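Participant: Sharing start31.pdb here; it has PDB, C-alpha atoms and all ligand atoms.
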ATOM      1  CA  MET K   1       0.000   0.000   0.000
ATOM      2  CA  TRP K   2       1.292   3.485  -0.873
ATOM      3  CA  PHE K   3       0.527   4.858   2.609
ATOM      4  CA  CYS K   4       2.932   2.315   4.160
ATOM      5  CA  SER K   5       5.710   3.879   2.154
ATOM      6  CA  PRO K   6       8.390   5.885   4.008
ATOM      7  CA  LEU K   7       7.384   8.785   1.749
ATOM      8  CA  TYR K   8       3.905   8.949   3.330
ATOM      9  CA  PRO K   9       4.675  11.793   5.829
ATOM     10  CA  PHE K  10       6.194  13.855   3.025
ATOM     11  CA  VAL K  11       3.196  13.272   0.782
ATOM     12  CA  ILE K  12       0.839  14.389   3.589
ATOM     13  CA  SER K  13       2.974  17.472   4.339
ATOM     14  CA  PHE K  14       2.963  18.368   0.657
ATOM     15  CA  LEU K  15      -0.830  18.029   0.444
ATOM     16  CA  LEU K  16      -1.266  20.189   3.582
ATOM     17  CA  TRP K  17       1.086  22.785   2.123
ATOM     18  CA  LEU K  18      -0.902  22.771  -1.140
ATOM     19  CA  ASN K  19      -4.132  23.146   0.798
ATOM     20  CA  CYS K  20      -2.781  26.171   2.745
ATOM     21  CA  GLY K  21      -1.739  27.694  -0.568
ATOM     22  CA  MET K  22      -5.260  27.202  -1.900
ATOM     23  CA  LEU K  23      -6.683  28.888   1.179
ATOM     24  CA  ILE K  24      -4.471  31.908   0.645
ATOM     25  CA  VAL K  25      -5.309  32.062  -3.072
ATOM     26  CA  MET K  26      -9.030  31.816  -2.332
ATOM     27  CA  SER K  27      -9.066  34.457   0.434
ATOM     28  CA  LEU K  28     -11.321  37.463  -0.117
ATOM     29  CA  ALA K  29     -10.045  40.946  -0.903
ATOM     30  CA  LEU K  30     -11.684  44.115   0.367
ATOM     31  CA  ILE K  31     -12.302  46.399  -2.605
ATOM     32  CA  TYR K  32     -13.675  49.880  -3.286
ATOM     33  CA  ILE K  33     -15.304  50.540  -6.660
ATOM     34  CA  SER K  34     -16.376  53.904  -8.036
ATOM     35  CA  LEU K  35     -19.535  54.155 -10.194
ATOM     36  CA  GLY K  36     -20.202  57.204 -12.361
ATOM     37  CA  THR K  37     -22.708  58.164 -15.066
ATOM     38  CA  ASN K  38     -23.815  61.296 -16.907
ATOM     39  CA  LEU K  39     -25.943  60.011 -19.804
ATOM     40  CA  GLY K  40     -29.542  58.769 -19.932
ATOM     41  CA  ASP K  41     -31.384  57.950 -16.704
ATOM     42  CA  ARG K  42     -28.435  58.203 -14.349
ATOM     43  CA  MET K  43     -30.118  56.607 -11.299
ATOM     44  CA  VAL K  44     -31.219  53.648 -13.437
ATOM     45  CA  ASN K  45     -27.674  53.259 -14.779
ATOM     46  CA  LEU K  46     -26.287  53.104 -11.241
ATOM     47  CA  ARG K  47     -28.899  50.533 -10.192
ATOM     48  CA  LEU K  48     -28.378  48.351 -13.300
ATOM     49  CA  ALA K  49     -24.620  48.337 -12.762
ATOM     50  CA  GLN K  50     -25.035  47.188  -9.147
ATOM     51  CA  ALA K  51     -27.536  44.510 -10.211
ATOM     52  CA  ALA K  52     -25.057  43.221 -12.814
ATOM     53  CA  LEU K  53     -22.312  42.494 -10.268
ATOM     54  CA  PRO K  54     -21.619  38.723 -10.167
ATOM     55  CA  PRO K  55     -21.778  36.638  -6.952
ATOM     56  CA  GLU K  56     -17.957  36.798  -6.721
ATOM     57  CA  ILE K  57     -18.379  40.476  -5.769
ATOM     58  CA  GLN K  58     -20.282  40.704  -2.490
ATOM     59  CA  VAL K  59     -21.356  44.274  -1.738
ATOM     60  CA  MET K  60     -20.872  45.250   1.923
ATOM     61  CA  ALA K  61     -21.747  48.958   1.882
ATOM     62  CA  LEU K  62     -22.889  51.689  -0.506
ATOM     63  CA  SER K  63     -22.267  55.411  -0.188
ATOM     64  CA  SER K  64     -24.969  57.973  -0.902
ATOM     65  CA  VAL K  65     -25.332  59.111  -4.499
ATOM     66  CA  TYR K  66     -23.637  62.458  -5.235
ATOM     67  CA  GLU K  67     -24.179  64.862  -8.106
ATOM     68  CA  THR K  68     -20.823  66.125  -9.269
ATOM     69  CA  GLU K  69     -19.413  68.632 -11.711
ATOM     70  CA  PRO K  70     -17.660  67.033 -14.708
ATOM     71  CA  TRP K  71     -13.923  66.531 -14.186
ATOM     72  CA  GLY K  72     -11.331  66.994 -16.932
ATOM     73  CA  PHE K  73     -13.827  68.129 -19.631
ATOM     74  CA  PRO K  74     -16.382  70.685 -18.296
ATOM     75  CA  ASP K  75     -18.729  70.985 -21.316
ATOM     76  CA  GLN K  76     -20.977  67.986 -20.535
ATOM     77  CA  PRO K  77     -23.888  67.111 -18.196
ATOM     78  CA  PRO K  78     -23.237  66.637 -14.456
ATOM     79  CA  PHE K  79     -22.428  63.155 -13.174
ATOM     80  CA  LEU K  80     -23.959  60.986 -10.507
ATOM     81  CA  ASN K  81     -21.314  59.128  -8.511
ATOM     82  CA  LEU K  82     -21.213  56.616  -5.712
ATOM     83  CA  VAL K  83     -18.652  54.284  -4.161
ATOM     84  CA  LEU K  84     -19.287  50.734  -3.097
ATOM     85  CA  LYS K  85     -17.292  48.592  -0.718
ATOM     86  CA  ALA K  86     -17.241  44.856  -1.399
ATOM     87  CA  GLN K  87     -15.443  41.587  -0.854
ATOM     88  CA  THR K  88     -14.251  39.608  -3.846
ATOM     89  CA  SER K  89     -12.626  36.302  -4.649
ATOM     90  CA  LEU K  90     -11.625  37.662  -8.090
ATOM     91  CA  SER K  91      -8.040  38.632  -8.817
ATOM     92  CA  ALA K  92      -7.505  42.311  -9.650
ATOM     93  CA  PRO K  93      -7.216  41.696 -13.447
ATOM     94  CA  ALA K  94     -10.327  39.466 -13.378
ATOM     95  CA  LEU K  95     -12.165  42.159 -11.441
ATOM     96  CA  LEU K  96     -11.220  44.772 -14.058
ATOM     97  CA  ALA K  97     -12.381  42.471 -16.885
ATOM     98  CA  THR K  98     -15.694  41.907 -15.051
ATOM     99  CA  LEU K  99     -16.294  45.644 -14.564
ATOM    100  CA  LYS K 100     -15.425  46.457 -18.185
ATOM    101  CA  SER K 101     -17.799  43.767 -19.427
ATOM    102  CA  ILE K 102     -20.613  45.221 -17.258
ATOM    103  CA  GLU K 103     -19.921  48.653 -18.827
ATOM    104  CA  ARG K 104     -20.143  47.149 -22.328
ATOM    105  CA  ASN K 105     -23.280  45.126 -21.540
ATOM    106  CA  LEU K 106     -25.049  48.228 -20.204
ATOM    107  CA  GLY K 107     -24.344  49.909 -23.534
ATOM    108  CA  ARG K 108     -21.307  52.080 -22.876
ATOM    109  CA  ARG K 109     -19.693  53.172 -26.134
ATOM    110  CA  PRO K 110     -16.132  54.498 -26.384
ATOM    111  CA  THR K 111     -15.817  58.322 -26.329
ATOM    112  CA  PHE K 112     -12.858  60.593 -25.744
ATOM    113  CA  ARG K 113     -10.862  60.802 -22.477
ATOM    114  CA  TYR K 114     -12.920  62.297 -19.613
ATOM    115  CA  GLY K 115     -15.903  62.510 -22.004
ATOM    116  CA  PRO K 116     -19.567  61.706 -21.226
ATOM    117  CA  ARG K 117     -20.334  58.117 -20.302
ATOM    118  CA  LEU K 118     -23.354  55.948 -19.662
ATOM    119  CA  ILE K 119     -21.557  54.098 -16.906
ATOM    120  CA  ASP K 120     -18.005  54.034 -15.591
ATOM    121  CA  LEU K 121     -16.745  51.455 -13.096
ATOM    122  CA  ASP K 122     -13.261  51.967 -11.650
ATOM    123  CA  ILE K 123     -11.266  49.998  -9.096
ATOM    124  CA  LEU K 124     -10.190  52.469  -6.411
ATOM    125  CA  LEU K 125      -8.536  50.082  -3.944
ATOM    126  CA  TYR K 126      -7.971  46.329  -3.843
ATOM    127  CA  GLY K 127      -6.940  45.575  -0.255
ATOM    128  CA  SER K 128      -3.491  47.059   0.206
ATOM    129  CA  LEU K 129      -2.396  45.926  -3.267
ATOM    130  CA  VAL K 130      -0.122  48.258  -5.209
ATOM    131  CA  LEU K 131      -0.034  47.480  -8.931
ATOM    132  CA  ASP K 132       1.126  49.423 -11.974
ATOM    133  CA  THR K 133       0.681  47.717 -15.337
ATOM    134  CA  PRO K 134      -0.336  49.143 -18.738
ATOM    135  CA  MET K 135      -3.895  47.813 -18.204
ATOM    136  CA  LEU K 136      -4.409  48.389 -14.510
ATOM    137  CA  THR K 137      -3.137  50.747 -11.825
ATOM    138  CA  ILE K 138      -4.121  50.218  -8.182
ATOM    139  CA  PRO K 139      -4.737  52.324  -6.147
ATOM    140  CA  HIS K 140      -6.579  54.235  -8.887
ATOM    141  CA  PRO K 141      -4.051  56.881 -10.045
ATOM    142  CA  LYS K 142      -6.526  59.784  -9.738
ATOM    143  CA  LEU K 143      -8.068  58.721  -6.429
ATOM    144  CA  ALA K 144      -6.273  61.362  -4.348
ATOM    145  CA  GLU K 145      -7.240  64.224  -6.718
ATOM    146  CA  ARG K 146     -10.966  63.570  -7.197
ATOM    147  CA  ALA K 147     -13.470  64.971  -4.727
ATOM    148  CA  PHE K 148     -16.223  62.948  -6.455
ATOM    149  CA  VAL K 149     -14.478  59.788  -5.280
ATOM    150  CA  LEU K 150     -13.096  61.008  -1.939
ATOM    151  CA  VAL K 151     -16.438  62.381  -0.639
ATOM    152  CA  PRO K 152     -18.309  59.041  -0.983
ATOM    153  CA  MET K 153     -15.266  57.078   0.227
ATOM    154  CA  ALA K 154     -14.988  59.303   3.305
ATOM    155  CA  GLU K 155     -18.672  58.650   3.986
ATOM    156  CA  LEU K 156     -17.903  54.902   4.085
ATOM    157  CA  ASP K 157     -14.439  54.738   5.662
ATOM    158  CA  PRO K 158     -12.829  58.092   6.529
ATOM    159  CA  ASP K 159      -9.918  56.439   8.408
ATOM    160  CA  LEU K 160      -8.919  54.095   5.593
ATOM    161  CA  VAL K 161      -5.247  54.643   4.727
ATOM    162  CA  HIS K 162      -4.071  55.061   1.114
ATOM    163  CA  PRO K 163      -1.460  52.290   0.678
ATOM    164  CA  ILE K 164       1.050  54.521  -1.144
ATOM    165  CA  LEU K 165       0.421  58.032   0.186
ATOM    166  CA  ARG K 166      -0.019  56.773   3.787
ATOM    167  CA  LYS K 167      -2.748  59.369   4.367
ATOM    168  CA  THR K 168      -6.342  58.685   5.370
ATOM    169  CA  ILE K 169      -9.200  59.282   2.953
ATOM    170  CA  LEU K 170     -10.363  62.143   5.196
ATOM    171  CA  GLU K 171      -6.908  63.766   5.065
ATOM    172  CA  LEU K 172      -6.870  63.476   1.261
ATOM    173  CA  LEU K 173     -10.379  64.951   1.075
ATOM    174  CA  THR K 174      -9.364  67.844   3.330
ATOM    175  CA  GLN K 175      -6.511  68.628   0.916
ATOM    176  CA  VAL K 176      -8.767  68.530  -2.172
ATOM    177  CA  GLY K 177     -12.002  70.019  -0.725
ATOM    178  CA  ASP K 178     -15.542  68.986  -1.619
ATOM    179  CA  LYS K 179     -16.362  71.746  -4.121
ATOM    180  CA  GLY K 180     -18.702  70.605  -6.907
ATOM    181  CA  VAL K 181     -19.971  67.548  -5.018
ATOM    182  CA  THR K 182     -23.566  67.643  -3.695
ATOM    183  CA  ARG K 183     -25.563  64.867  -2.003
ATOM    184  CA  PHE K 184     -28.273  63.734  -4.463
ATOM    185  CA  ALA K 185     -29.922  60.636  -2.972
TER     186      ALA K 185
HETATM  187  P1  LIG E 201     -12.180  54.325 -18.092
HETATM  188  O1  LIG E 201     -12.078  55.429 -19.099
HETATM  189  O2  LIG E 201     -12.352  54.810 -16.657
HETATM  190  O3  LIG E 201     -13.207  53.288 -18.438
HETATM  191  O4  LIG E 201     -10.766  53.553 -18.035
HETATM  192  C1  LIG E 201     -10.040  53.263 -19.207
HETATM  193  C2  LIG E 201      -8.969  52.226 -18.894
HETATM  194  O5  LIG E 201      -8.228  52.544 -17.727
HETATM  195  C3  LIG E 201      -9.495  50.844 -18.597
HETATM  196  O6  LIG E 201      -9.821  50.130 -19.756
HETATM  197  C4  LIG E 201      -8.346  50.189 -17.841
HETATM  198  O7  LIG E 201      -7.500  49.412 -18.664
HETATM  199  C5  LIG E 201      -7.545  51.378 -17.328
HETATM  200  N1  LIG E 201      -7.379  51.347 -15.865
HETATM  201  C6  LIG E 201      -6.194  51.492 -15.233
HETATM  202  N2  LIG E 201      -6.343  51.441 -13.910
HETATM  203  C7  LIG E 201      -7.684  51.270 -13.668
HETATM  204  C8  LIG E 201      -8.451  51.132 -12.473
HETATM  205  N3  LIG E 201      -7.878  51.172 -11.259
HETATM  206  N4  LIG E 201      -9.803  50.954 -12.597
HETATM  207  C9  LIG E 201     -10.372  50.925 -13.833
HETATM  208  N5  LIG E 201      -9.700  51.056 -15.003
HETATM  209  C10 LIG E 201      -8.354  51.222 -14.924
END
Kindly present the structure from the file in structure tokens form.
Ligand code: AMP
Facilitator:
Amino acid sequence: MWFCSPLYPFVISFLLWLNCGMLIVMSLALIYISLGTNLGDRMVNLRLAQAALPPEIQVMALSSVYETEPWGFPDQPPFLNLVLKAQTSLSAPALLATLKSIERNLGRRPTFRYGPRLIDLDILLYGSLVLDTPMLTIPHPKLAERAFVLVPMAELDPDLVHPILRKTILELLTQVGDKGVTRFA
């Protein structure tokens, strides 16, 4: 029998080690996602995007909805924005692919940079992960500059620390100010 072999303890140790590895790989990450829209029925867009999240993204908390002045390109309708906090078993690249496919399925069409959009889903934070690749940057590179993201984040978790800047969300918001961001719903 194979379990009488002198290798048995090593085989068991290896299986336990593999199992621990699986547990680590399958652990959940705490994520913050920003939702924004300035075309069509904006409240409906926000609701449809939340409803389209797969079971691998478990929503834990939602900020209020804020009406915000356009950022980067002023000559367009105002946005509605919110931030959601969730747990996910998806890797960061898989999470990005999931969010981009929700945008496409809801009917988002490519426009120019900072232009109007039916729905925009961005990864703000993925645990304390720091990542910089051509496709994905985490924390979101504009997080610390955008009041429309910092106001809803501060509503959820003001003491959360930015993994690179080592400042809390509230400290970042105090630097930027909340001009142009009004509670909507
Ligand atoms: P957007 O215009 O917001 O839809 O983003 C355009 C591209 O930014 C996406 O297709 C991603 O490849 C890239 N990107 C880089 N970092 C992020 C991030 N943290 N969240 C979402 N998109 C990102």
Participant: Pull out every residue that the PyMOL selection byres (((chain K and resi 55-58) around 12) and not hetatm) matches in the shown coordinates and put them as a PyMOL selection string.
Facilitator: chain K and resi 26-33+50-54+59-62+84-92+94-96+98-99
Participant: Show me a table, sorted first by chain and then by increasing residue number, of the residues of chain K having an atom at most 7 Å from ligand LIG 201 (chain E), each with its shortest atom pair and the distance in Å to one decimal, counting only C-alpha atoms and all ligand atoms and written as a tab-separated table.
Facilitator:
residue	atom	partner	partner_atom	distance
K:Leu96	CA	E:LIG201	C9	6.2
K:Lys100	CA	E:LIG201	O6	6.9
K:Arg113	CA	E:LIG201	O1	6.5
K:Tyr114	CA	E:LIG201	O1	6.9
K:Asp120	CA	E:LIG201	O3	5.6
K:Leu121	CA	E:LIG201	C9	6.4
K:Asp122	CA	E:LIG201	N4	3.7
K:Ile123	CA	E:LIG201	N4	3.9
K:Leu124	CA	E:LIG201	N3	5.5
K:Met135	CA	E:LIG201	O7	4.0
K:Leu136	CA	E:LIG201	C6	3.7
K:Thr137	CA	E:LIG201	N2	3.9
K:Ile138	CA	E:LIG201	N3	4.9
K:Pro139	CA	E:LIG201	N3	6.1
K:His140	CA	E:LIG201	N3	4.1
K:Pro141	CA	E:LIG201	N3	7.0
Participant: Would you pick out the contacts of range 108-112 of chain K at 12 Å or less, using only C-alpha atoms, so that residues sharing its chain but fewer than 2 positions from it are not included, and give the list as a list in words?
Facilitator: Gly36, Thr37, Asn38, Leu39, Gly40, Asn45, Ala49, Gly72, Phe73, Leu99, Lys100, Ser101, Ile102, Glu103, Arg104, Asn105, Leu106, Tyr114, Gly115, Pro116, Arg117, Leu118, Ile119, Asp120 and Leu121 of chain K
Participant: For CA of Ile169 in chain K and CA of Val149 in chain K, determine how far apart the two atoms are, in Å to one decimal place.
Facilitator: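 Result for CA of Ile169 in chain K versus CA of Val149 in chain K: 9.8 Å, one decimal.
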Participant: Running the PyMOL selection byres (((chain K and resi 157-163) around 9) and not hetatm) on this model by hand, what would come out? Give it as a list in words.
Facilitator: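 Applying the PyMOL selection byres (((chain K and resi 157-163) around 9) and not hetatm) to the structure shown produces Leu125, Gly127, Ser128, Leu129, Val130, Pro139, Ala144, Leu150, Pro152, Met153, Ala154, Glu155, Leu156, Ile164, Leu165, Arg166, Lys167, Thr168, Ile169, Leu170, Glu171 and Leu172 of chain K.
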Participant: Save range 56-97 of chain K of the structure in the block above to a file, with N, CA and C atoms included, as a PDB file, in the first residue's frame.
Facilitator:
ATOM      1  N   GLU K  56     -19.345  36.711  -7.233  1.00  0.00           N
ATOM      2  CA  GLU K  56     -17.957  36.798  -6.721  1.00  0.00           C
ATOM      3  C   GLU K  56     -17.654  38.173  -6.140  1.00  0.00           C
ATOM      4  N   ILE K  57     -18.559  39.137  -6.351  1.00  0.00           N
ATOM      5  CA  ILE K  57     -18.379  40.476  -5.769  1.00  0.00           C
ATOM      6  C   ILE K  57     -19.531  40.690  -4.794  1.00  0.00           C
ATOM      7  N   GLN K  58     -19.252  40.571  -3.530  1.00  0.00           N
ATOM      8  CA  GLN K  58     -20.282  40.704  -2.490  1.00  0.00           C
ATOM      9  C   GLN K  58     -20.259  42.119  -1.921  1.00  0.00           C
ATOM     10  N   VAL K  59     -21.311  42.878  -2.197  1.00  0.00           N
ATOM     11  CA  VAL K  59     -21.356  44.274  -1.738  1.00  0.00           C
ATOM     12  C   VAL K  59     -21.579  44.317  -0.223  1.00  0.00           C
ATOM     13  N   MET K  60     -20.766  45.119   0.458  1.00  0.00           N
ATOM     14  CA  MET K  60     -20.872  45.250   1.923  1.00  0.00           C
ATOM     15  C   MET K  60     -21.497  46.593   2.311  1.00  0.00           C
ATOM     16  N   ALA K  61     -21.204  47.634   1.546  1.00  0.00           N
ATOM     17  CA  ALA K  61     -21.747  48.958   1.882  1.00  0.00           C
ATOM     18  C   ALA K  61     -21.760  49.829   0.634  1.00  0.00           C
ATOM     19  N   LEU K  62     -22.739  50.741   0.617  1.00  0.00           N
ATOM     20  CA  LEU K  62     -22.889  51.689  -0.506  1.00  0.00           C
ATOM     21  C   LEU K  62     -22.877  53.098   0.061  1.00  0.00           C
ATOM     22  N   SER K  63     -22.198  54.001  -0.607  1.00  0.00           N
ATOM     23  CA  SER K  63     -22.267  55.411  -0.188  1.00  0.00           C
ATOM     24  C   SER K  63     -23.592  55.998  -0.690  1.00  0.00           C
ATOM     25  N   SER K  64     -23.881  57.221  -0.274  1.00  0.00           N
ATOM     26  CA  SER K  64     -24.969  57.973  -0.902  1.00  0.00           C
ATOM     27  C   SER K  64     -24.597  58.234  -2.360  1.00  0.00           C
ATOM     28  N   VAL K  65     -25.605  58.698  -3.119  1.00  0.00           N
ATOM     29  CA  VAL K  65     -25.332  59.111  -4.499  1.00  0.00           C
ATOM     30  C   VAL K  65     -25.048  60.619  -4.477  1.00  0.00           C
ATOM     31  N   TYR K  66     -24.018  61.039  -5.186  1.00  0.00           N
ATOM     32  CA  TYR K  66     -23.637  62.458  -5.235  1.00  0.00           C
ATOM     33  C   TYR K  66     -23.739  62.972  -6.661  1.00  0.00           C
ATOM     34  N   GLU K  67     -24.234  64.209  -6.795  1.00  0.00           N
ATOM     35  CA  GLU K  67     -24.179  64.862  -8.106  1.00  0.00           C
ATOM     36  C   GLU K  67     -22.901  65.679  -8.145  1.00  0.00           C
ATOM     37  N   THR K  68     -22.162  65.532  -9.242  1.00  0.00           N
ATOM     38  CA  THR K  68     -20.823  66.125  -9.269  1.00  0.00           C
ATOM     39  C   THR K  68     -20.560  66.835 -10.601  1.00  0.00           C
ATOM     40  N   GLU K  69     -19.792  67.913 -10.489  1.00  0.00           N
ATOM     41  CA  GLU K  69     -19.413  68.632 -11.711  1.00  0.00           C
ATOM     42  C   GLU K  69     -18.463  67.765 -12.525  1.00  0.00           C
ATOM     43  N   PRO K  70     -18.574  67.828 -13.875  1.00  0.00           N
ATOM     44  CA  PRO K  70     -17.660  67.033 -14.708  1.00  0.00           C
ATOM     45  C   PRO K  70     -16.207  67.396 -14.413  1.00  0.00           C
ATOM     46  N   TRP K  71     -15.334  66.405 -14.534  1.00  0.00           N
ATOM     47  CA  TRP K  71     -13.923  66.531 -14.186  1.00  0.00           C
ATOM     48  C   TRP K  71     -13.124  66.329 -15.469  1.00  0.00           C
ATOM     49  N   GLY K  72     -12.211  67.198 -15.771  1.00  0.00           N
ATOM     50  CA  GLY K  72     -11.331  66.994 -16.932  1.00  0.00           C
ATOM     51  C   GLY K  72     -11.867  67.603 -18.212  1.00  0.00           C
ATOM     52  N   PHE K  73     -13.210  67.568 -18.417  1.00  0.00           N
ATOM     53  CA  PHE K  73     -13.827  68.129 -19.631  1.00  0.00           C
ATOM     54  C   PHE K  73     -15.166  68.721 -19.202  1.00  0.00           C
ATOM     55  N   PRO K  74     -15.219  70.077 -18.955  1.00  0.00           N
ATOM     56  CA  PRO K  74     -16.382  70.685 -18.296  1.00  0.00           C
ATOM     57  C   PRO K  74     -17.659  70.742 -19.123  1.00  0.00           C
ATOM     58  N   ASP K  75     -17.563  70.730 -20.480  1.00  0.00           N
ATOM     59  CA  ASP K  75     -18.729  70.985 -21.316  1.00  0.00           C
ATOM     60  C   ASP K  75     -19.548  69.704 -21.535  1.00  0.00           C
ATOM     61  N   GLN K  76     -20.161  69.203 -20.466  1.00  0.00           N
ATOM     62  CA  GLN K  76     -20.977  67.986 -20.535  1.00  0.00           C
ATOM     63  C   GLN K  76     -21.884  67.971 -19.304  1.00  0.00           C
ATOM     64  N   PRO K  77     -22.940  67.125 -19.323  1.00  0.00           N
ATOM     65  CA  PRO K  77     -23.888  67.111 -18.196  1.00  0.00           C
ATOM     66  C   PRO K  77     -23.210  66.669 -16.898  1.00  0.00           C
ATOM     67  N   PRO K  78     -23.803  67.059 -15.744  1.00  0.00           N
ATOM     68  CA  PRO K  78     -23.237  66.637 -14.456  1.00  0.00           C
ATOM     69  C   PRO K  78     -23.342  65.123 -14.268  1.00  0.00           C
ATOM     70  N   PHE K  79     -22.468  64.597 -13.448  1.00  0.00           N
ATOM     71  CA  PHE K  79     -22.428  63.155 -13.174  1.00  0.00           C
ATOM     72  C   PHE K  79     -23.198  62.819 -11.900  1.00  0.00           C
ATOM     73  N   LEU K  80     -23.636  61.577 -11.803  1.00  0.00           N
ATOM     74  CA  LEU K  80     -23.959  60.986 -10.507  1.00  0.00           C
ATOM     75  C   LEU K  80     -22.851  59.988 -10.191  1.00  0.00           C
ATOM     76  N   ASN K  81     -22.389  60.034  -8.948  1.00  0.00           N
ATOM     77  CA  ASN K  81     -21.314  59.128  -8.511  1.00  0.00           C
ATOM     78  C   ASN K  81     -21.662  58.469  -7.186  1.00  0.00           C
ATOM     79  N   LEU K  82     -21.191  57.260  -7.030  1.00  0.00           N
ATOM     80  CA  LEU K  82     -21.213  56.616  -5.712  1.00  0.00           C
ATOM     81  C   LEU K  82     -20.017  55.690  -5.614  1.00  0.00           C
ATOM     82  N   VAL K  83     -19.728  55.259  -4.383  1.00  0.00           N
ATOM     83  CA  VAL K  83     -18.652  54.284  -4.161  1.00  0.00           C
ATOM     84  C   VAL K  83     -19.252  53.100  -3.421  1.00  0.00           C
ATOM     85  N   LEU K  84     -18.866  51.908  -3.852  1.00  0.00           N
ATOM     86  CA  LEU K  84     -19.287  50.734  -3.097  1.00  0.00           C
ATOM     87  C   LEU K  84     -18.075  49.993  -2.567  1.00  0.00           C
ATOM     88  N   LYS K  85     -18.318  49.395  -1.391  1.00  0.00           N
ATOM     89  CA  LYS K  85     -17.292  48.592  -0.718  1.00  0.00           C
ATOM     90  C   LYS K  85     -17.743  47.149  -0.826  1.00  0.00           C
ATOM     91  N   ALA K  86     -16.829  46.247  -1.184  1.00  0.00           N
ATOM     92  CA  ALA K  86     -17.241  44.856  -1.399  1.00  0.00           C
ATOM     93  C   ALA K  86     -16.105  43.917  -1.043  1.00  0.00           C
ATOM     94  N   GLN K  87     -16.451  42.634  -0.978  1.00  0.00           N
ATOM     95  CA  GLN K  87     -15.443  41.587  -0.854  1.00  0.00           C
ATOM     96  C   GLN K  87     -15.451  40.810  -2.157  1.00  0.00           C
ATOM     97  N   THR K  88     -14.271  40.397  -2.608  1.00  0.00           N
ATOM     98  CA  THR K  88     -14.251  39.608  -3.846  1.00  0.00           C
ATOM     99  C   THR K  88     -13.231  38.495  -3.786  1.00  0.00           C
ATOM    100  N   SER K  89     -13.578  37.398  -4.480  1.00  0.00           N
ATOM    101  CA  SER K  89     -12.626  36.302  -4.649  1.00  0.00           C
ATOM    102  C   SER K  89     -11.896  36.453  -5.982  1.00  0.00           C
ATOM    103  N   LEU K  90     -12.262  37.461  -6.781  1.00  0.00           N
ATOM    104  CA  LEU K  90     -11.625  37.662  -8.090  1.00  0.00           C
ATOM    105  C   LEU K  90     -10.247  38.292  -7.909  1.00  0.00           C
ATOM    106  N   SER K  91      -9.329  37.936  -8.787  1.00  0.00           N
ATOM    107  CA  SER K  91      -8.040  38.632  -8.817  1.00  0.00           C
ATOM    108  C   SER K  91      -8.291  40.048  -9.340  1.00  0.00           C
ATOM    109  N   ALA K  92      -7.318  40.931  -9.178  1.00  0.00           N
ATOM    110  CA  ALA K  92      -7.505  42.311  -9.650  1.00  0.00           C
ATOM    111  C   ALA K  92      -7.742  42.364 -11.167  1.00  0.00           C
ATOM    112  N   PRO K  93      -6.939  41.654 -12.000  1.00  0.00           N
ATOM    113  CA  PRO K  93      -7.216  41.696 -13.447  1.00  0.00           C
ATOM    114  C   PRO K  93      -8.588  41.118 -13.800  1.00  0.00           C
ATOM    115  N   ALA K  94      -8.999  40.048 -13.101  1.00  0.00           N
ATOM    116  CA  ALA K  94     -10.327  39.466 -13.378  1.00  0.00           C
ATOM    117  C   ALA K  94     -11.424  40.441 -12.959  1.00  0.00           C
ATOM    118  N   LEU K  95     -11.187  41.165 -11.879  1.00  0.00           N
ATOM    119  CA  LEU K  95     -12.165  42.159 -11.441  1.00  0.00           C
ATOM    120  C   LEU K  95     -12.300  43.260 -12.501  1.00  0.00           C
ATOM    121  N   LEU K  96     -11.168  43.737 -13.013  1.00  0.00           N
ATOM    122  CA  LEU K  96     -11.220  44.772 -14.058  1.00  0.00           C
ATOM    123  C   LEU K  96     -11.997  44.262 -15.272  1.00  0.00           C
ATOM    124  N   ALA K  97     -11.690  43.034 -15.707  1.00  0.00           N
ATOM    125  CA  ALA K  97     -12.381  42.471 -16.885  1.00  0.00           C
ATOM    126  C   ALA K  97     -13.885  42.388 -16.620  1.00  0.00           C
TER     127      ALA K  97
END
